[in-house]
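Encoded as structure tokens, the structure appears first; notes follow it.
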Amino acid sequence: MRSSYLFTSESVSEGHPDKVSDQISDSIVDLFLSKDPEARIACETLTTTQLVVLAGEIRCKGVYENGQWAPGALDEIERTVRQTVKDIGYEQAGFHWETLTFENHLHGQSAHIAQGVDANGNKDEGAGDQGIMFGYACNETPDLMPATLDYSHKILQRMAADRHSGAAPFLEPDAKSQVTLRFENGKPVAATAIVVSTQHAPGYDTGEKEAQLHAYVKGVVADILPAELLSDATEYHINPTGSFEIGGPDGDAGLTGRKIIVDTYGGASPHGGGAFSGKDPTKVDRSAAYITRYLAKNIVAAGLASKCTIQLAYAIGVSKPLSLYVDTHGTGTVGDDKIEAAIGKIEKLGGLTPRGIRMHLGLNKPIYRKTAAYGHFGRKAEGDFFPWEKTDLVEDLKAALG
């Protein structure tokens, strides 16, 4: 590993068009899971100027059965979509929660997929699709996340909080951030560049108002990043195009699942390719990505490594994972093969089958809309939310290692 290098990660706000789509898709997942914990959902969302379109496959008791929608179900779906857009803050001529056009093209799940996934007789529930999933953790921040991504998320979270509270009324919902850090011996030592582009009210691209916006952004950055990382040498790029009044789905179309690196580890870890939002937890794209983060985080929290990557692989319709791979990048206090063996000994993990993962983490609940902006990982585990961020496996790992 190089001892000195620059590394960069980006984040996007809840008002970014792709994140609007992710949040709508996950609001639909939550709606259906609140009606039926065993619901099957694969919901994709397209957003563009004054338009939201849903497409995908579902199965949900009391909502969609035998090819028929229950009375009032379609109206409830539309209300959920409009409320999500309203909560984000879009009341603009080009994208307004109340006046946008809504189309619903959701339909029933394929019977051929269902027969492979459903438990039947002696057959355990199978994975909802084939694929590879990665989890990652490192000790760069208290959240055990890559510092570049952690700071990028937190900058935008602060800005969104100030927008919603009225503390920064000149901000509009769409925004992006990017943080570049210099690393020495694997540790961040300096912020070399900060990029923040934020949609703004008219007039905040020139003169005193532009200076006010720039000063505000620099103040947020100073609050989020450790003071020792910032200096006069830190380069700032704030709204580098000059103006950013037209934003969100009016400025650029949004699609579910286009920000998978923002959702995960900011490029510091491999990604299997599957998106998360819009999918119920039988889809291992989602649930196995959560359990691999959980395992990697607990390995680092246990002091077994300062950095850890984990991979799982599945076949559609098959319950048992095809492989488990642990890589502590040379930082492990025990062999990676020993950690793999220890994971296999922990019975509460249910053999890392789709059902075992869902049962251990409690994933059959309406907990997903909160994941759809500012990252699925590095968040605070609270109540039913973000259970994969708990570090309650530390003692089990130590016991399994003997």
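Chain lettering (A, B, ...) mirrors the order of the structure tokens, residue numbering begins at 1 for each chain separately, and ligand numbering begins at 1 in order of display.
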For this session: Name the residues in contact with Val20 (chain A) at a cut-off of 12 Å, using only C-alpha atoms, excluding same-chain residues fewer than 4 positions from it; report them as a PyMOL selection string.
Result: chain A and resi 12-16+24-27+44-48+51-53+81-90+95+97+173-175+247-250+252-259+277-278+369+372-374
Exercise. Leaving out Gly375 (chain A) and any residue of its chain fewer than 3 positions from it, which residues lie within 8 Å of it when counting only C-alpha atoms, given as a PyMOL selection string?
Worked result: chain A and resi 153+262-264+371-372+378-379
Exercise. Which one of A:Glu184, A:Asp150, A:Glu57, A:Glu235 sits closest to Leu6 (chain A) if you count only C-alpha atoms?
Worked result: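 The answer is A:Glu184, which sits nearest to Leu6 (chain A).
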Problem set entry | Residue list (strand (DSSP E), DSSP) for region 141-293 of chain A, as a ChimeraX atom specification | /A:171-184,187-200,235-238,254-255
Selected residues written out, N, CA and C atoms, as a compact mmCIF listing (two decimals), in the first residue's frame:
# COMPACT_ATOMS: atom_id res chain seq x y z
N LEU A 171 -30.99 28.20 0.47
CA LEU A 171 -30.68 26.89 -0.10
C LEU A 171 -31.93 26.24 -0.67
N GLU A 172 -31.75 25.55 -1.79
CA GLU A 172 -32.80 24.72 -2.39
C GLU A 172 -32.37 23.26 -2.28
N PRO A 173 -33.26 22.29 -2.60
CA PRO A 173 -32.99 20.89 -2.23
C PRO A 173 -31.80 20.20 -2.90
N ASP A 174 -31.47 20.53 -4.12
CA ASP A 174 -30.46 19.78 -4.87
C ASP A 174 -29.05 20.25 -4.47
N ALA A 175 -28.16 19.31 -4.19
CA ALA A 175 -26.78 19.67 -3.83
C ALA A 175 -25.86 18.47 -3.99
N LYS A 176 -24.57 18.76 -4.15
CA LYS A 176 -23.53 17.73 -4.21
C LYS A 176 -22.32 18.22 -3.42
N SER A 177 -21.58 17.28 -2.89
CA SER A 177 -20.34 17.62 -2.18
C SER A 177 -19.25 16.64 -2.60
N GLN A 178 -18.01 17.05 -2.36
CA GLN A 178 -16.86 16.18 -2.68
C GLN A 178 -15.69 16.61 -1.79
N VAL A 179 -15.06 15.62 -1.18
CA VAL A 179 -13.95 15.90 -0.27
C VAL A 179 -12.73 15.11 -0.72
N THR A 180 -11.61 15.81 -0.86
CA THR A 180 -10.33 15.18 -1.18
C THR A 180 -9.40 15.33 0.02
N LEU A 181 -8.88 14.21 0.50
CA LEU A 181 -7.95 14.21 1.63
C LEU A 181 -6.60 13.65 1.21
N ARG A 182 -5.54 14.17 1.83
CA ARG A 182 -4.23 13.58 1.67
C ARG A 182 -3.99 12.62 2.83
N PHE A 183 -3.52 11.43 2.49
CA PHE A 183 -3.26 10.39 3.47
C PHE A 183 -1.75 10.18 3.60
N GLU A 184 -1.32 10.00 4.83
CA GLU A 184 0.07 9.63 5.12
C GLU A 184 0.02 8.39 6.00
N LYS A 187 -3.45 7.28 7.03
CA LYS A 187 -4.27 8.13 7.87
C LYS A 187 -4.48 9.49 7.20
N PRO A 188 -5.71 10.04 7.27
CA PRO A 188 -5.93 11.37 6.67
C PRO A 188 -5.22 12.45 7.47
N VAL A 189 -4.48 13.33 6.76
CA VAL A 189 -3.71 14.37 7.44
C VAL A 189 -4.07 15.77 6.96
N ALA A 190 -4.74 15.89 5.80
CA ALA A 190 -5.06 17.23 5.30
C ALA A 190 -6.17 17.15 4.26
N ALA A 191 -7.05 18.16 4.28
CA ALA A 191 -8.06 18.32 3.23
C ALA A 191 -7.46 19.22 2.16
N THR A 192 -7.26 18.66 0.97
CA THR A 192 -6.66 19.46 -0.10
C THR A 192 -7.70 20.15 -0.96
N ALA A 193 -8.93 19.59 -1.05
CA ALA A 193 -9.95 20.22 -1.89
C ALA A 193 -11.34 19.88 -1.37
N ILE A 194 -12.22 20.86 -1.38
CA ILE A 194 -13.62 20.71 -1.00
C ILE A 194 -14.46 21.26 -2.14
N VAL A 195 -15.41 20.46 -2.62
CA VAL A 195 -16.33 20.90 -3.67
C VAL A 195 -17.74 20.83 -3.12
N VAL A 196 -18.48 21.93 -3.22
CA VAL A 196 -19.90 21.96 -2.85
C VAL A 196 -20.65 22.72 -3.92
N SER A 197 -21.61 22.05 -4.54
CA SER A 197 -22.51 22.70 -5.48
C SER A 197 -23.92 22.60 -4.91
N THR A 198 -24.56 23.73 -4.70
CA THR A 198 -25.89 23.71 -4.12
C THR A 198 -26.86 24.58 -4.92
N GLN A 199 -28.03 24.03 -5.16
CA GLN A 199 -29.11 24.81 -5.73
C GLN A 199 -29.44 25.95 -4.77
N HIS A 200 -29.76 27.12 -5.34
CA HIS A 200 -29.94 28.29 -4.49
C HIS A 200 -31.09 29.15 -4.98
N GLU A 235 -8.28 23.98 -0.90
CA GLU A 235 -8.88 24.60 -2.08
C GLU A 235 -10.38 24.37 -2.06
N TYR A 236 -11.16 25.45 -2.21
CA TYR A 236 -12.63 25.37 -2.22
C TYR A 236 -13.17 25.64 -3.62
N HIS A 237 -14.13 24.82 -4.02
CA HIS A 237 -14.88 25.05 -5.26
C HIS A 237 -16.36 25.05 -4.88
N ILE A 238 -16.94 26.23 -4.75
CA ILE A 238 -18.33 26.37 -4.33
C ILE A 238 -19.14 26.87 -5.53
N GLY A 254 -33.92 11.77 -12.92
CA GLY A 254 -33.41 10.90 -11.88
C GLY A 254 -33.92 9.49 -12.03
N LEU A 255 -33.09 8.53 -11.63
CA LEU A 255 -33.46 7.11 -11.68
C LEU A 255 -33.02 6.42 -10.39
For this session: Pick out the closest residue to Leu312 (chain A) from this set: A:Glu10, A:Glu210, A:Glu340, A:Glu389. Count only C-alpha atoms.
Result: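 Ranking A:Glu10, A:Glu210, A:Glu340, A:Glu389 by distance to Leu312 (chain A), first place goes to A:Glu340.
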For this session: Tell me which protein, DNA and RNA residues are within 12 Å of Ser110 (chain A), counting only C-alpha atoms, leaving out same-chain ones fewer than 6 positions away, and put them as a count of residues only.
Result: 12
Exercise. Within 6 Å of region 136-141 of chain A, counting only C-alpha atoms, which residues qualify if same-chain residues fewer than 2 places away don't, as a list in words?
Worked result: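 Counting only the stated atoms, we get Asp143, Leu144, Met145, Pro146, Ala147, Arg293, Ala296, Lys297, Ser306, Lys307, Cys308 and Thr309 of chain A.
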Restricting it to N, CA, C and O atoms, dump the selection as a PDB file, in the first residue's frame.
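What follows is the written file result_32.pdb:
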ATOM      1  N   ASP A 143     -17.385   6.510  13.025  1.00  0.00           N
ATOM      2  CA  ASP A 143     -18.425   5.700  12.398  1.00  0.00           C
ATOM      3  C   ASP A 143     -17.852   4.467  11.699  1.00  0.00           C
ATOM      4  O   ASP A 143     -18.606   3.680  11.123  1.00  0.00           O
ATOM      5  N   LEU A 144     -16.526   4.326  11.725  1.00  0.00           N
ATOM      6  CA  LEU A 144     -15.819   3.238  11.039  1.00  0.00           C
ATOM      7  C   LEU A 144     -16.116   3.248   9.542  1.00  0.00           C
ATOM      8  O   LEU A 144     -16.368   2.223   8.919  1.00  0.00           O
ATOM      9  N   MET A 145     -16.079   4.454   8.985  1.00  0.00           N
ATOM     10  CA  MET A 145     -16.306   4.682   7.556  1.00  0.00           C
ATOM     11  C   MET A 145     -15.118   5.418   6.949  1.00  0.00           C
ATOM     12  O   MET A 145     -14.354   6.086   7.671  1.00  0.00           O
ATOM     13  N   PRO A 146     -14.960   5.346   5.622  1.00  0.00           N
ATOM     14  CA  PRO A 146     -13.939   6.154   4.959  1.00  0.00           C
ATOM     15  C   PRO A 146     -14.173   7.636   5.249  1.00  0.00           C
ATOM     16  O   PRO A 146     -15.298   8.139   5.112  1.00  0.00           O
ATOM     17  N   ALA A 147     -13.128   8.342   5.638  1.00  0.00           N
ATOM     18  CA  ALA A 147     -13.278   9.735   6.060  1.00  0.00           C
ATOM     19  C   ALA A 147     -13.799  10.619   4.936  1.00  0.00           C
ATOM     20  O   ALA A 147     -14.625  11.509   5.171  1.00  0.00           O
ATOM     21  N   ARG A 293     -21.594  -5.390   5.709  1.00  0.00           N
ATOM     22  CA  ARG A 293     -21.176  -4.199   6.459  1.00  0.00           C
ATOM     23  C   ARG A 293     -21.170  -4.501   7.948  1.00  0.00           C
ATOM     24  O   ARG A 293     -20.230  -4.137   8.673  1.00  0.00           O
ATOM     25  N   ALA A 296     -18.118  -6.647   8.744  1.00  0.00           N
ATOM     26  CA  ALA A 296     -16.869  -5.882   8.634  1.00  0.00           C
ATOM     27  C   ALA A 296     -16.745  -4.880   9.773  1.00  0.00           C
ATOM     28  O   ALA A 296     -15.661  -4.716  10.366  1.00  0.00           O
ATOM     29  N   LYS A 297     -17.850  -4.215  10.105  1.00  0.00           N
ATOM     30  CA  LYS A 297     -17.801  -3.215  11.175  1.00  0.00           C
ATOM     31  C   LYS A 297     -17.485  -3.864  12.523  1.00  0.00           C
ATOM     32  O   LYS A 297     -16.699  -3.333  13.318  1.00  0.00           O
ATOM     33  N   SER A 306      -7.832  -3.031  11.366  1.00  0.00           N
ATOM     34  CA  SER A 306      -8.161  -1.614  11.229  1.00  0.00           C
ATOM     35  C   SER A 306      -8.888  -1.334   9.927  1.00  0.00           C
ATOM     36  O   SER A 306      -9.417  -0.231   9.733  1.00  0.00           O
ATOM     37  N   LYS A 307      -8.947  -2.327   9.057  1.00  0.00           N
ATOM     38  CA  LYS A 307      -9.641  -2.192   7.780  1.00  0.00           C
ATOM     39  C   LYS A 307     -10.096  -3.585   7.364  1.00  0.00           C
ATOM     40  O   LYS A 307      -9.347  -4.559   7.507  1.00  0.00           O
ATOM     41  N   CYS A 308     -11.325  -3.692   6.853  1.00  0.00           N
ATOM     42  CA  CYS A 308     -11.830  -5.018   6.496  1.00  0.00           C
ATOM     43  C   CYS A 308     -12.808  -4.929   5.338  1.00  0.00           C
ATOM     44  O   CYS A 308     -13.710  -4.090   5.338  1.00  0.00           O
ATOM     45  N   THR A 309     -12.623  -5.807   4.366  1.00  0.00           N
ATOM     46  CA  THR A 309     -13.563  -5.983   3.259  1.00  0.00           C
ATOM     47  C   THR A 309     -14.098  -7.407   3.308  1.00  0.00           C
ATOM     48  O   THR A 309     -13.333  -8.357   3.505  1.00  0.00           O
TER      49      THR A 309
END
Each residue of region 308-400 of chain A lying at most 8 Å from region 32-38 of chain A should get a row with its shortest atom-to-atom pair and the distance in Å to one decimal, counting only C-alpha atoms; could you produce that, ordered by chain and increasing number, as JSON lines?
{"residue": "A:Asn364", "atom": "CA", "partner": "A:Pro37", "partner_atom": "CA", "distance": 5.2}
{"residue": "A:Lys365", "atom": "CA", "partner": "A:Leu33", "partner_atom": "CA", "distance": 5.9}
{"residue": "A:Pro366", "atom": "CA", "partner": "A:Leu33", "partner_atom": "CA", "distance": 5.5}
Hey, can you spit out that residue selection with C-alpha atoms as a PDB file, in the first residue's frame?
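Saved the output as selection-v2.pdb:
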ATOM      1  CA  ASN A 364     -38.869  -7.157   7.361  1.00  0.00           C
ATOM      2  CA  LYS A 365     -39.916  -3.748   8.635  1.00  0.00           C
ATOM      3  CA  PRO A 366     -40.630  -0.345   7.061  1.00  0.00           C
TER       4      PRO A 366
END
For this session: Using only C-alpha atoms, find the one residue out of A:Phe385, A:Gly332, A:Ser21, A:Tyr216 that sits nearest to Tyr204 (chain A).
Result: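 Using only C-alpha atoms, the shortest distance to Tyr204 (chain A) belongs to A:Tyr216.
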Exercise. So which residues touch Glu395 (chain A) within 12 Å, counting only C-alpha atoms, skipping near sequence neighbours fewer than 3 positions away, as a list of chain:residue names?
Worked result: A:Asn298, A:Ile299, A:Ala301, A:Ala302, A:Gly303, A:Leu304, A:Ala342, A:Ile343, A:Ile346, A:Thr391, A:Asp392, A:Lys398, A:Ala399, A:Ala400, A:Leu401, A:Gly402
For this session: List every residue of region 151-395 of chain A that DSSP, applied to the backbone, labels as helix (DSSP H, G or I), and write the result as a ChimeraX atom specification.
Result: /A:151-165,207-224,227-229,248-251,260-263,284-301,336-345,347-352,354-361,369-372,387-389,394-395
Problem set entry | From A:Gln23, A:Val318, A:Thr353, A:Val221, residue lying nearest Lys154 (chain A) [only C-alpha atoms] | A:Val221
